[in-house]
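Student: Input structure: work20.txt, which contains compact mmCIF, C-alpha atoms (C1' of nucleotides).
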```
# COMPACT_ATOMS: atom_id res chain seq x y z
CA MET A 1 0.00 0.00 0.00
CA GLN A 2 2.75 2.40 0.92
CA GLU A 3 5.92 2.42 -1.09
CA ASP A 4 8.82 4.53 -0.10
CA VAL A 5 11.24 4.98 -2.96
CA ARG A 6 13.53 7.13 -0.93
CA GLU A 7 14.93 4.21 1.03
CA ASP A 8 15.37 1.83 -1.86
CA GLY A 9 18.97 2.65 -2.52
CA PRO A 10 21.98 4.41 -1.09
CA VAL A 11 21.33 7.53 -3.13
CA THR A 12 18.32 9.62 -2.30
CA ASP A 13 16.42 11.05 -5.22
CA VAL A 14 14.39 13.99 -4.01
CA LYS A 15 12.77 16.72 -6.05
CA TRP A 16 13.89 19.75 -4.10
CA LEU A 17 12.07 23.05 -4.16
CA SER A 18 13.23 25.75 -6.53
CA ASP A 19 14.30 29.06 -5.01
CA ASP A 20 10.96 30.55 -5.96
CA GLU A 21 9.00 27.69 -4.53
CA GLN A 22 10.97 27.79 -1.32
CA GLY A 23 10.47 31.53 -1.02
CA TRP A 24 6.74 31.25 -1.53
CA TRP A 25 6.50 28.36 0.89
CA ARG A 26 8.35 30.31 3.55
CA ALA A 27 6.32 33.45 3.00
CA TYR A 28 3.19 31.36 3.39
CA ARG A 29 4.45 29.60 6.47
CA ASP A 30 5.80 32.66 8.26
CA GLY A 31 2.95 34.94 7.29
CA THR A 32 0.41 32.38 8.42
CA ALA A 33 2.08 31.82 11.76
CA ARG A 34 2.19 35.52 12.49
CA LEU A 35 -1.32 36.17 11.23
CA LEU A 36 -2.90 33.46 13.37
CA ASP A 37 -0.84 34.68 16.28
CA VAL A 38 -2.21 38.21 16.00
CA LEU A 39 -5.77 37.09 15.37
CA GLY A 40 -5.69 34.85 18.42
CA HIS A 41 -4.26 37.52 20.66
CA GLU A 42 -6.71 40.19 19.59
CA LEU A 43 -9.67 37.86 20.00
CA GLU A 44 -8.49 36.80 23.42
CA ARG A 45 -7.84 40.38 24.48
CA ASP A 46 -11.17 41.76 23.22
CA THR A 47 -13.49 38.90 24.05
CA GLY A 48 -11.80 36.38 26.33
CA LEU A 49 -12.39 33.66 23.75
CA SER A 50 -9.67 31.61 22.14
CA LEU A 51 -9.70 31.00 18.39
CA GLY A 52 -10.62 27.39 19.05
CA GLU A 53 -13.61 28.28 21.19
CA TYR A 54 -14.72 30.88 18.68
CA GLU A 55 -14.63 28.35 15.87
CA VAL A 56 -16.69 25.90 17.89
CA LEU A 57 -19.32 28.55 18.48
CA VAL A 58 -19.38 29.50 14.80
CA ARG A 59 -19.94 25.93 13.66
CA LEU A 60 -22.67 25.36 16.22
CA SER A 61 -24.38 28.63 15.30
CA GLU A 62 -24.65 27.42 11.72
CA ALA A 63 -26.03 23.98 12.59
CA PRO A 64 -29.71 23.08 12.79
CA GLU A 65 -30.93 23.57 16.36
CA ARG A 66 -27.48 24.95 17.03
CA THR A 67 -26.56 21.36 17.71
CA LEU A 68 -23.98 18.96 16.31
CA ARG A 69 -22.72 15.53 17.19
CA MET A 70 -19.28 15.63 18.75
CA SER A 71 -17.78 13.70 15.86
CA GLU A 72 -19.40 15.98 13.28
CA LEU A 73 -18.07 19.00 15.07
CA ALA A 74 -14.63 17.45 15.28
CA GLY A 75 -14.77 16.64 11.59
CA GLU A 76 -15.75 20.15 10.55
CA LEU A 77 -13.03 21.69 12.67
CA ALA A 78 -10.47 19.07 11.69
CA HIS A 79 -9.76 18.57 15.36
CA SER A 80 -9.10 15.28 17.09
CA ARG A 81 -11.96 13.83 19.12
CA SER A 82 -9.85 14.09 22.21
CA ARG A 83 -9.08 17.72 21.64
CA LEU A 84 -12.73 18.47 21.09
CA THR A 85 -13.76 16.64 24.24
CA HIS A 86 -11.38 18.76 26.30
CA THR A 87 -12.44 21.98 24.61
CA ILE A 88 -16.13 21.24 25.02
CA ARG A 89 -15.67 20.30 28.66
CA ARG A 90 -14.11 23.68 29.35
CA MET A 91 -16.78 25.49 27.35
CA GLU A 92 -19.51 23.55 29.13
CA ASN A 93 -18.07 24.62 32.48
CA ALA A 94 -18.13 28.18 31.17
CA GLY A 95 -21.81 27.78 30.24
CA LEU A 96 -21.26 28.27 26.51
CA VAL A 97 -22.40 24.83 25.37
CA GLU A 98 -24.29 21.82 26.67
CA ARG A 99 -23.94 18.11 26.04
CA THR A 100 -26.90 15.76 25.82
CA PRO A 101 -27.14 12.09 24.87
CA CYS A 102 -27.96 11.35 21.25
CA ALA A 103 -31.31 9.65 20.77
CA GLN A 104 -30.50 7.76 17.57
CA ASP A 105 -27.15 6.42 18.72
CA ALA A 106 -26.54 5.74 22.37
CA ARG A 107 -22.81 6.12 21.82
CA GLY A 108 -23.22 9.62 20.50
CA VAL A 109 -23.30 12.98 22.24
CA ASN A 110 -25.05 16.07 20.98
CA CYS A 111 -23.41 19.39 21.61
CA THR A 112 -25.68 22.43 21.74
CA MET A 113 -24.83 26.09 21.99
CA THR A 114 -26.52 27.77 24.95
CA PRO A 115 -28.14 31.21 24.66
CA ALA A 116 -25.22 32.53 26.66
CA GLY A 117 -22.87 30.96 24.12
CA HIS A 118 -24.75 32.61 21.29
CA GLN A 119 -24.63 35.98 22.98
CA ARG A 120 -20.95 35.52 23.52
CA LEU A 121 -20.44 34.77 19.83
CA VAL A 122 -22.51 37.76 18.74
CA ALA A 123 -20.49 39.96 21.06
CA ALA A 124 -17.19 38.56 19.82
CA ALA A 125 -17.83 38.52 16.09
CA PRO A 126 -17.25 42.23 15.38
CA SER A 127 -13.83 42.19 16.98
CA HIS A 128 -12.74 39.08 15.15
CA VAL A 129 -14.12 40.11 11.79
CA THR A 130 -12.41 43.44 12.13
CA SER A 131 -9.11 41.73 12.86
CA VAL A 132 -9.45 39.40 9.90
CA ARG A 133 -10.31 42.33 7.68
CA THR A 134 -7.48 44.49 8.96
CA TYR A 135 -4.68 41.99 8.68
CA LEU A 136 -5.85 39.78 5.85
CA VAL A 137 -8.66 40.98 3.62
CA ASP A 138 -7.68 44.64 3.49
CA ALA A 139 -4.01 43.78 3.13
CA LEU A 140 -4.78 42.04 -0.16
CA THR A 141 -6.48 42.91 -3.39
CA THR A 142 -9.67 41.04 -4.13
CA GLU A 143 -7.81 39.03 -6.72
CA GLN A 144 -5.12 38.11 -4.22
CA MET A 145 -7.73 37.13 -1.69
CA ARG A 146 -9.51 35.00 -4.23
CA ALA A 147 -6.27 33.35 -5.28
CA LEU A 148 -5.39 32.64 -1.67
CA GLY A 149 -8.75 31.04 -1.00
CA GLU A 150 -8.77 28.99 -4.17
CA ALA A 151 -5.21 27.81 -3.70
CA MET A 152 -5.87 26.63 -0.17
CA ALA A 153 -9.12 25.02 -1.25
CA ALA A 154 -7.07 23.04 -3.78
CA VAL A 155 -4.67 22.05 -1.03
CA GLY A 156 -7.60 20.90 1.07
CA ALA A 157 -8.92 18.86 -1.84
CA ALA A 158 -5.51 17.25 -2.33
CA LEU A 159 -5.44 16.34 1.34
CA ASN A 160 -8.88 14.77 1.02
CA GLU A 161 -7.72 12.66 -1.89
CA SER A 162 -4.60 11.41 -0.20
CA ALA A 163 -6.64 10.67 2.92
CA ALA A 164 -9.17 8.74 0.85
CA ASP A 165 -6.71 6.18 -0.56
CA GLU A 166 -4.68 4.68 2.21
CA MET B 1 -30.04 26.79 7.21
CA GLN B 2 -27.59 29.28 8.49
CA GLU B 3 -27.77 31.35 11.60
CA ASP B 4 -26.69 34.91 10.97
CA VAL B 5 -24.60 36.47 13.62
CA ARG B 6 -24.25 39.68 11.69
CA GLU B 7 -27.03 41.61 13.34
CA ASP B 8 -26.24 45.27 13.35
CA GLY B 9 -27.31 46.74 16.64
CA PRO B 10 -27.35 50.43 17.42
CA VAL B 11 -23.75 50.37 18.57
CA THR B 12 -21.82 48.10 16.24
CA ASP B 13 -20.57 49.43 12.96
CA VAL B 14 -18.58 46.62 11.48
CA LYS B 15 -17.60 45.95 7.90
CA TRP B 16 -18.53 42.29 7.61
CA LEU B 17 -16.97 39.91 5.16
CA SER B 18 -18.77 39.20 1.92
CA ASP B 19 -19.76 35.61 1.22
CA ASP B 20 -16.80 35.27 -1.12
CA GLU B 21 -14.39 36.75 1.39
CA GLN B 22 -15.68 34.52 4.12
CA GLY B 23 -15.39 31.47 1.90
CA TRP B 24 -11.82 32.28 0.95
CA TRP B 25 -10.90 33.00 4.53
CA ARG B 26 -12.31 29.70 5.68
CA ALA B 27 -10.66 27.76 2.90
CA TYR B 28 -7.37 29.35 3.87
CA ARG B 29 -7.86 28.71 7.55
CA ASP B 30 -9.04 25.12 7.26
CA GLY B 31 -6.60 24.17 4.52
CA THR B 32 -3.70 25.61 6.47
CA ALA B 33 -4.63 23.83 9.68
CA ARG B 34 -4.88 20.49 7.94
CA LEU B 35 -1.75 21.03 5.87
CA LEU B 36 0.42 21.90 8.84
CA ASP B 37 -1.07 18.99 10.71
CA VAL B 38 -0.09 16.52 8.00
CA LEU B 39 3.35 18.02 7.51
CA GLY B 40 4.05 17.85 11.22
CA HIS B 41 2.90 14.27 11.55
CA GLU B 42 4.87 13.04 8.57
CA LEU B 43 8.02 14.79 9.72
CA GLU B 44 7.62 13.39 13.21
CA ARG B 45 6.93 9.90 11.90
CA ASP B 46 9.83 9.85 9.43
CA THR B 47 12.47 11.71 11.38
CA GLY B 48 11.44 12.14 15.02
CA LEU B 49 11.71 15.90 14.66
CA SER B 50 8.88 18.35 15.26
CA LEU B 51 8.24 21.14 12.80
CA GLY B 52 9.54 23.61 15.35
CA GLU B 53 12.80 21.77 15.83
CA TYR B 54 13.20 21.38 12.09
CA GLU B 55 12.76 25.09 11.56
CA VAL B 56 15.35 25.87 14.22
CA LEU B 57 17.84 23.60 12.48
CA VAL B 58 17.10 25.17 9.10
CA ARG B 59 17.71 28.70 10.35
CA LEU B 60 20.91 27.70 12.10
CA SER B 61 22.16 25.84 9.03
CA GLU B 62 21.84 29.04 7.01
CA ALA B 63 23.60 31.26 9.53
CA PRO B 64 27.34 32.06 9.51
CA GLU B 65 29.17 29.54 11.68
CA ARG B 66 25.80 27.82 11.99
CA THR B 67 25.31 30.14 14.93
CA LEU B 68 22.71 32.71 15.91
CA ARG B 69 21.91 34.76 18.96
CA MET B 70 18.84 33.49 20.77
CA SER B 71 16.97 36.70 20.07
CA GLU B 72 17.89 36.65 16.37
CA LEU B 73 16.68 33.09 16.10
CA ALA B 74 13.48 33.95 17.92
CA GLY B 75 12.96 36.90 15.60
CA GLU B 76 13.44 34.88 12.43
CA LEU B 77 11.07 32.19 13.60
CA ALA B 78 8.58 34.68 15.02
CA HIS B 79 8.66 32.74 18.26
CA SER B 80 8.63 34.22 21.73
CA ARG B 81 11.94 34.25 23.57
CA SER B 82 10.43 32.01 26.18
CA ARG B 83 9.28 29.48 23.66
CA LEU B 84 12.68 29.43 22.04
CA THR B 85 14.44 28.94 25.35
CA HIS B 86 12.30 25.88 26.06
CA THR B 87 12.76 24.48 22.56
CA ILE B 88 16.52 25.01 22.61
CA ARG B 89 16.85 23.45 26.06
CA ARG B 90 15.17 20.31 24.76
CA MET B 91 17.28 20.31 21.61
CA GLU B 92 20.44 20.85 23.62
CA ASN B 93 19.58 17.86 25.78
CA ALA B 94 19.12 15.89 22.57
CA GLY B 95 22.58 17.01 21.37
CA LEU B 96 21.28 18.92 18.35
CA VAL B 97 22.45 22.39 19.40
CA GLU B 98 24.80 24.03 21.88
CA ARG B 99 24.59 27.29 23.78
CA THR B 100 27.62 29.44 24.50
CA PRO B 101 27.97 32.90 26.04
CA CYS B 102 28.12 35.78 23.60
CA ALA B 103 31.46 37.61 23.61
CA GLN B 104 30.16 41.03 22.52
CA ASP B 105 27.24 41.14 24.92
CA ALA B 106 27.40 39.34 28.22
CA ARG B 107 23.61 39.18 28.31
CA GLY B 108 23.47 37.31 25.05
CA VAL B 109 23.63 33.61 24.26
CA ASN B 110 24.86 32.11 21.03
CA CYS B 111 23.13 29.03 19.76
CA THR B 112 25.14 26.73 17.50
CA MET B 113 24.08 23.67 15.57
CA THR B 114 26.18 20.62 16.43
CA PRO B 115 27.45 18.21 13.76
CA ALA B 116 24.87 15.76 15.03
CA GLY B 117 22.21 18.42 14.56
CA HIS B 118 23.39 19.03 11.03
CA GLN B 119 23.34 15.36 10.19
CA ARG B 120 19.86 15.15 11.62
CA LEU B 121 18.72 17.99 9.41
CA VAL B 122 20.30 16.49 6.31
CA ALA B 123 18.62 13.20 7.06
CA ALA B 124 15.26 14.85 7.65
CA ALA B 125 15.17 17.26 4.74
CA PRO B 126 14.17 14.79 1.99
CA SER B 127 11.15 13.60 3.90
CA HIS B 128 9.98 17.08 4.69
CA VAL B 129 10.58 18.49 1.24
CA THR B 130 8.71 15.58 -0.25
CA SER B 131 5.76 16.23 2.04
CA VAL B 132 5.70 19.91 1.20
CA ARG B 133 5.86 19.09 -2.49
CA THR B 134 3.19 16.43 -2.31
CA TYR B 135 0.58 18.36 -0.38
CA LEU B 136 1.33 21.93 -1.36
CA VAL B 137 3.54 22.58 -4.37
CA ASP B 138 2.29 19.76 -6.56
CA ALA B 139 -1.30 20.40 -5.55
CA LEU B 140 -1.07 23.87 -7.07
CA THR B 141 -0.14 25.34 -10.42
CA THR B 142 2.98 27.48 -10.45
CA GLU B 143 0.79 30.54 -10.74
CA GLN B 144 -1.26 29.49 -7.75
CA MET B 145 1.86 28.84 -5.74
CA ARG B 146 3.24 32.22 -6.68
CA ALA B 147 -0.01 33.93 -5.80
CA LEU B 148 -0.10 32.14 -2.46
CA GLY B 149 3.43 33.21 -1.62
CA GLU B 150 2.96 36.78 -2.72
CA ALA B 151 -0.34 37.16 -0.91
CA MET B 152 1.10 35.91 2.34
CA ALA B 153 4.17 38.08 1.89
CA ALA B 154 1.80 41.04 1.64
CA VAL B 155 0.09 39.92 4.82
CA GLY B 156 3.45 39.71 6.52
CA ALA B 157 4.29 43.20 5.35
CA ALA B 158 0.97 44.51 6.67
CA LEU B 159 1.72 42.93 10.00
CA ASN B 160 5.12 44.59 10.04
CA GLU B 161 3.54 47.95 9.42
CA SER B 162 0.94 47.65 12.12
CA ALA B 163 3.62 46.43 14.50
CA ALA B 164 5.81 49.40 13.64
CA ASP B 165 3.35 52.09 14.67
CA GLU B 166 2.01 51.37 18.12
C1' DC C 1 -29.03 -14.07 19.41
C1' DC C 2 -23.99 -14.08 20.00
C1' DT C 3 -19.49 -12.91 18.49
C1' DC C 4 -16.37 -9.61 17.15
C1' DG C 5 -14.48 -5.83 14.61
C1' DT C 6 -15.57 -1.01 14.36
C1' DT C 7 -17.15 3.47 15.92
C1' DA C 8 -18.23 7.42 19.47
C1' DG C 9 -16.54 9.45 23.05
C1' DT C 10 -13.84 10.07 27.34
C1' DT C 11 -9.82 10.07 30.35
C1' DG C 12 -5.22 11.10 32.33
C1' DA C 13 -0.47 11.76 31.60
C1' DA C 14 3.07 13.85 29.10
C1' DG C 15 4.68 17.48 25.97
C1' DC C 16 4.71 22.07 24.22
C1' DG C 17 3.54 27.16 24.32
C1' DT C 18 2.18 31.20 27.02
C1' DC C 19 2.47 34.31 30.57
C1' DA C 20 4.35 36.91 34.27
C1' DA C 21 8.13 37.37 37.20
C1' DT C 22 12.99 37.53 37.57
C1' DC C 23 17.99 38.44 37.01
C1' DG C 24 22.12 40.11 35.15
C1' DC C 25 23.88 43.23 31.85
C1' DT C 26 23.96 47.40 28.86
C1' DG C 27 24.08 52.04 27.54
C1' DA C 28 22.32 56.59 27.73
C1' DT C 29 22.01 60.43 30.76
C1' DA C 30 23.20 63.74 34.15
C1' DT D 1 30.91 57.43 37.36
C1' DA D 2 26.48 56.64 39.35
C1' DT D 3 22.03 55.94 38.09
C1' DC D 4 18.40 53.61 36.00
C1' DA D 5 15.30 52.37 32.26
C1' DG D 6 15.41 48.80 29.04
C1' DC D 7 17.19 44.54 26.87
C1' DG D 8 18.44 39.34 26.57
C1' DA D 9 17.47 35.38 28.39
C1' DT D 10 15.66 32.19 31.70
C1' DT D 11 12.32 30.06 34.87
C1' DG D 12 8.15 27.85 36.73
C1' DA D 13 3.32 27.62 36.75
C1' DC D 14 -0.58 27.12 34.08
C1' DG D 15 -3.42 25.94 29.91
C1' DC D 16 -4.11 23.51 25.68
C1' DT D 17 -3.01 19.52 22.48
C1' DT D 18 -1.53 14.93 21.75
C1' DC D 19 -1.29 10.23 22.52
C1' DA D 20 -2.54 5.82 24.10
C1' DA D 21 -5.58 3.29 26.71
C1' DC D 22 -10.12 2.63 27.89
C1' DT D 23 -15.49 2.10 28.07
C1' DA D 24 -19.60 1.49 25.86
C1' DA D 25 -22.55 0.76 22.04
C1' DC D 26 -23.35 -0.39 17.15
C1' DG D 27 -24.08 -3.77 13.55
C1' DA D 28 -22.62 -7.30 10.25
C1' DG D 29 -22.02 -12.37 9.81
C1' DG D 30 -22.38 -16.80 11.49
```
Represent the structure from my file as structure tokens, please.

Tutor:
Amino acid sequence: MQEDVREDGPVTDVKWLSDDEQGWWRAYRDGTARLLDVLGHELERDTGLSLGEYEVLVRLSEAPERTLRMSELAGELAHSRSRLTHTIRRMENAGLVERTPCAQDARGVNCTMTPAGHQRLVAAAPSHVTSVRTYLVDALTTEQMRALGEAMAAVGAALNESAADE
Amino acid sequence: MQEDVREDGPVTDVKWLSDDEQGWWRAYRDGTARLLDVLGHELERDTGLSLGEYEVLVRLSEAPERTLRMSELAGELAHSRSRLTHTIRRMENAGLVERTPCAQDARGVNCTMTPAGHQRLVAAAPSHVTSVRTYLVDALTTEQMRALGEAMAAVGAALNESAADE
DNA sequence: CCTCGTTAGTTGAAGCGTCAATCGCTGATA
DNA sequence: TATCAGCGATTGACGCTTCAACTAACGAGG
């Protein structure tokens, strides 16, 4: 299933990155790290929410009944189940979400956003959107923003494919 | 059905993201999270190095004498000094780097890559480059890759500006 | 109906990053 | 040259993520 050509012989045969490719990769990597850093700090400072908690609230706010199965939520966020369990436990203690057993599947757990959680999201959204606009959207032309989104969507699709066959 | 959090009250006056902008932003955010996740796991699996350690080794390998001041290294990586201290302590224990006092400034500390660290980097590079190529570079056209790099370079520049005046 | 492999979710420990406090050193100023 | 605000780096505590182990329930096949 998995063949690794690189260890077949004494001589490695790797397609290295060109100078351009390396430069673009580094700009992407460094810019992303710093951007997420700033966005997280501003959200935390203005609202007391972490980026992770904010994302959970967003996904729940978009779900029917403001409710999702834990595994669905984990899937949408691309977080591990374990990570989500810990996050939700903290958010439940903070009164932002609630967990209830799932009727259809006794193994499952439904996670619902509380009114307090919704209020918290509504209160936090302006700050976060403003940050995203300031440091990302307004820093780029529309064409650049489109290209960024489409490129990363292609990367996501490639990851889906490679995850599918294995 | 989608809950709309963008309810303009009497107080808020926020420029929300358009549907396109929000879609691109999410594609960027989700794609990036999953990409870095995969790259980190493959590097760890193939070489036992974390992405952070790998980056430290890369920066040191490019520096004169394979040596950098702690603060220079932290600056290049956009890591906090504290984070770097912890990382370097672990890497020093693993024999990958060494710390020596700085002659010019008695407060400073020079960080040098050991031969073992260099060997480790050389051994790890093919795996990592292959991962980056597989999931990023080869998933995109050259134009997309260029656009991605240039967009994120612009974001980095915007962050520099906003950091400059404050 | 029973296995039995798989899936949903949780748990606790260990690892990494953050944060605030700290310490020694530097360099500008008076 | 004495002072002192600021810098370079470290430290330990705390919080979040990962990882492996675990429980419980599902459901296909005999």

Student: Return chain A as a short mmCIF file (atom, residue, chain, number, x, y, z; two decimals) with C-alpha atoms, keeping the file's coordinate frame, after superposing it on chain B by a least-squares fit that covers all C-alpha atoms paired in order.

Tutor:
```
data_model
loop_
_atom_site.label_atom_id
_atom_site.label_comp_id
_atom_site.auth_asym_id
_atom_site.auth_seq_id
_atom_site.Cartn_x
_atom_site.Cartn_y
_atom_site.Cartn_z
CA MET A 1 -6.74 53.51 20.14
CA GLN A 2 -9.09 50.62 19.65
CA GLU A 3 -12.63 51.28 18.59
CA ASP A 4 -15.13 48.53 18.37
CA VAL A 5 -18.11 49.54 16.29
CA ARG A 6 -19.77 46.22 16.72
CA GLU A 7 -20.82 46.93 20.29
CA ASP A 8 -22.02 50.46 19.76
CA GLY A 9 -25.64 49.59 19.25
CA PRO A 10 -28.15 46.81 19.60
CA VAL A 11 -27.84 45.86 15.95
CA THR A 12 -24.63 44.31 14.77
CA ASP A 13 -23.38 45.42 11.39
CA VAL A 14 -20.99 42.81 10.08
CA LYS A 15 -19.76 42.33 6.54
CA TRP A 16 -20.26 38.61 6.17
CA LEU A 17 -18.34 36.49 3.71
CA SER A 18 -19.89 35.73 0.35
CA ASP A 19 -20.42 32.08 -0.53
CA ASP A 20 -17.32 32.16 -2.69
CA GLU A 21 -15.23 33.79 -0.04
CA GLN A 22 -16.40 31.33 2.56
CA GLY A 23 -15.67 28.41 0.27
CA TRP A 24 -12.17 29.63 -0.46
CA TRP A 25 -11.52 30.33 3.19
CA ARG A 26 -12.62 26.85 4.16
CA ALA A 27 -10.62 25.20 1.41
CA TYR A 28 -7.59 27.11 2.61
CA ARG A 29 -8.19 26.27 6.23
CA ASP A 30 -8.95 22.58 5.76
CA GLY A 31 -6.30 22.00 3.14
CA THR A 32 -3.69 23.69 5.29
CA ALA A 33 -4.57 21.70 8.37
CA ARG A 34 -4.34 18.43 6.51
CA LEU A 35 -1.18 19.38 4.65
CA LEU A 36 0.71 20.37 7.78
CA ASP A 37 -0.56 17.24 9.44
CA VAL A 38 0.87 15.00 6.73
CA LEU A 39 4.13 16.90 6.49
CA GLY A 40 4.65 16.66 10.23
CA HIS A 41 3.90 12.97 10.35
CA GLU A 42 6.16 12.08 7.46
CA LEU A 43 9.02 14.13 8.86
CA GLU A 44 8.61 12.56 12.27
CA ARG A 45 8.39 9.07 10.81
CA ASP A 46 11.40 9.43 8.49
CA THR A 47 13.71 11.50 10.64
CA GLY A 48 12.47 11.66 14.23
CA LEU A 49 12.33 15.44 14.01
CA SER A 50 9.22 17.50 14.54
CA LEU A 51 8.36 20.33 12.15
CA GLY A 52 9.24 22.81 14.87
CA GLU A 53 12.67 21.34 15.45
CA TYR A 54 13.30 21.16 11.72
CA GLU A 55 12.45 24.82 11.30
CA VAL A 56 14.80 25.78 14.11
CA LEU A 57 17.62 23.90 12.44
CA VAL A 58 16.88 25.50 9.07
CA ARG A 59 16.99 29.02 10.48
CA LEU A 60 20.21 28.35 12.36
CA SER A 61 21.81 26.77 9.30
CA GLU A 62 21.20 29.99 7.39
CA ALA A 63 22.58 32.29 10.09
CA PRO A 64 26.16 33.52 10.30
CA GLU A 65 28.19 31.13 12.45
CA ARG A 66 25.05 29.03 12.54
CA THR A 67 24.14 31.15 15.53
CA LEU A 68 21.20 33.36 16.43
CA ARG A 69 20.02 35.17 19.50
CA MET A 70 17.03 33.48 21.09
CA SER A 71 14.82 36.48 20.42
CA GLU A 72 15.91 36.68 16.78
CA LEU A 73 15.17 33.02 16.32
CA ALA A 74 11.80 33.43 17.99
CA GLY A 75 11.06 36.38 15.75
CA GLU A 76 11.94 34.57 12.55
CA LEU A 77 9.85 31.57 13.51
CA ALA A 78 7.01 33.69 14.86
CA HIS A 79 7.14 31.63 18.01
CA SER A 80 6.74 32.91 21.54
CA ARG A 81 9.92 33.25 23.59
CA SER A 82 8.58 30.72 26.02
CA ARG A 83 7.88 28.20 23.33
CA LEU A 84 11.33 28.65 21.91
CA THR A 85 12.97 28.24 25.30
CA HIS A 86 11.23 24.91 25.78
CA THR A 87 12.02 23.73 22.27
CA ILE A 88 15.67 24.72 22.53
CA ARG A 89 16.01 23.05 25.92
CA ARG A 90 14.81 19.78 24.44
CA MET A 91 17.04 20.16 21.39
CA GLU A 92 20.01 21.01 23.59
CA ASN A 93 19.42 17.83 25.59
CA ALA A 94 19.35 15.98 22.28
CA GLY A 95 22.70 17.54 21.32
CA LEU A 96 21.33 19.42 18.31
CA VAL A 97 22.02 22.94 19.55
CA GLU A 98 24.01 24.75 22.21
CA ARG A 99 23.35 27.88 24.22
CA THR A 100 26.07 30.34 25.16
CA PRO A 101 25.91 33.75 26.82
CA CYS A 102 25.84 36.74 24.50
CA ALA A 103 28.91 38.94 24.77
CA GLN A 104 27.30 42.24 23.75
CA ASP A 105 24.25 41.91 25.96
CA ALA A 106 24.46 40.01 29.20
CA ARG A 107 20.72 39.38 29.08
CA GLY A 108 20.98 37.64 25.75
CA VAL A 109 21.62 34.03 24.84
CA ASN A 110 23.18 32.81 21.63
CA CYS A 111 21.88 29.60 20.16
CA THR A 112 24.26 27.64 17.95
CA MET A 113 23.66 24.56 15.86
CA THR A 114 26.06 21.75 16.72
CA PRO A 115 27.73 19.63 14.03
CA ALA A 116 25.42 16.84 15.07
CA GLY A 117 22.47 19.18 14.54
CA HIS A 118 23.73 20.07 11.09
CA GLN A 119 24.16 16.44 10.16
CA ARG A 120 20.69 15.76 11.39
CA LEU A 121 19.31 18.56 9.21
CA VAL A 122 21.21 17.37 6.15
CA ALA A 123 19.88 13.87 6.73
CA ALA A 124 16.33 15.10 7.19
CA ALA A 125 16.09 17.59 4.36
CA PRO A 126 15.54 15.13 1.49
CA SER A 127 12.58 13.52 3.19
CA HIS A 128 10.95 16.82 4.02
CA VAL A 129 11.57 18.41 0.65
CA THR A 130 10.15 15.37 -1.03
CA SER A 131 7.02 15.59 1.11
CA VAL A 132 6.57 19.28 0.38
CA ARG A 133 7.03 18.62 -3.31
CA THR A 134 4.68 15.66 -3.36
CA TYR A 135 1.77 17.21 -1.53
CA LEU A 136 2.16 20.87 -2.36
CA VAL A 137 4.44 21.89 -5.20
CA ASP A 138 3.63 19.02 -7.55
CA ALA A 139 -0.07 19.22 -6.73
CA LEU A 140 -0.15 22.75 -8.15
CA THR A 141 0.80 24.43 -11.36
CA THR A 142 3.65 26.90 -11.15
CA GLU A 143 1.15 29.70 -11.49
CA GLN A 144 -0.94 28.33 -8.64
CA MET A 145 2.14 27.96 -6.50
CA ARG A 146 3.18 31.50 -7.25
CA ALA A 147 -0.28 32.80 -6.49
CA LEU A 148 -0.35 30.91 -3.21
CA GLY A 149 3.00 32.31 -2.15
CA GLU A 150 2.20 35.86 -3.17
CA ALA A 151 -1.21 35.80 -1.54
CA MET A 152 0.18 34.59 1.76
CA ALA A 153 3.02 37.09 1.55
CA ALA A 154 0.35 39.79 1.25
CA VAL A 155 -1.40 38.37 4.29
CA GLY A 156 1.88 38.46 6.18
CA ALA A 157 2.40 42.07 5.16
CA ALA A 158 -1.10 42.97 6.34
CA LEU A 159 -0.38 41.33 9.67
CA ASN A 160 2.82 43.36 9.97
CA GLU A 161 0.93 46.57 9.35
CA SER A 162 -1.78 45.87 11.87
CA ALA A 163 0.89 44.84 14.38
CA ALA A 164 2.78 48.07 13.74
CA ASP A 165 -0.05 50.44 14.72
CA GLU A 166 -1.46 49.45 18.05
#
```

Student: Using all atoms listed in the file, determine which residues of chain C fall within 12 Å of chain A; present them as a ChimeraX atom specification.

Tutor: /C:7-12,17-18

Student: Quick one: write out the picked residues with C-alpha atoms (C1' of nucleotides) as a PDB file, in the frame of the given file?

Tutor:
```
ATOM      1  C1'  DT C   7     -17.150   3.470  15.920  1.00  0.00           C
ATOM      2  C1'  DA C   8     -18.230   7.420  19.470  1.00  0.00           C
ATOM      3  C1'  DG C   9     -16.540   9.450  23.050  1.00  0.00           C
ATOM      4  C1'  DT C  10     -13.840  10.070  27.340  1.00  0.00           C
ATOM      5  C1'  DT C  11      -9.820  10.070  30.350  1.00  0.00           C
ATOM      6  C1'  DG C  12      -5.220  11.100  32.330  1.00  0.00           C
ATOM      7  C1'  DG C  17       3.540  27.160  24.320  1.00  0.00           C
ATOM      8  C1'  DT C  18       2.180  31.200  27.020  1.00  0.00           C
TER       9       DT C  18
END
```

Student: Need to verify the contact set: DG30 in chain D, 12 Å, only C-alpha atoms (C1' of nucleotides), exclusion of same-chain residues closer than 3 positions in sequence. Can you return it as an mmCIF file with C-alpha atoms (C1' of nucleotides), in the frame of the given file?

Tutor:
```cif
data_model
loop_
_atom_site.group_PDB
_atom_site.id
_atom_site.type_symbol
_atom_site.label_atom_id
_atom_site.label_comp_id
_atom_site.auth_asym_id
_atom_site.auth_seq_id
_atom_site.Cartn_x
_atom_site.Cartn_y
_atom_site.Cartn_z
ATOM 1 C "C1'" DC C 1 -29.030 -14.070 19.410
ATOM 2 C "C1'" DC C 2 -23.990 -14.080 20.000
ATOM 3 C "C1'" DT C 3 -19.490 -12.910 18.490
ATOM 4 C "C1'" DC C 4 -16.370 -9.610 17.150
#
```
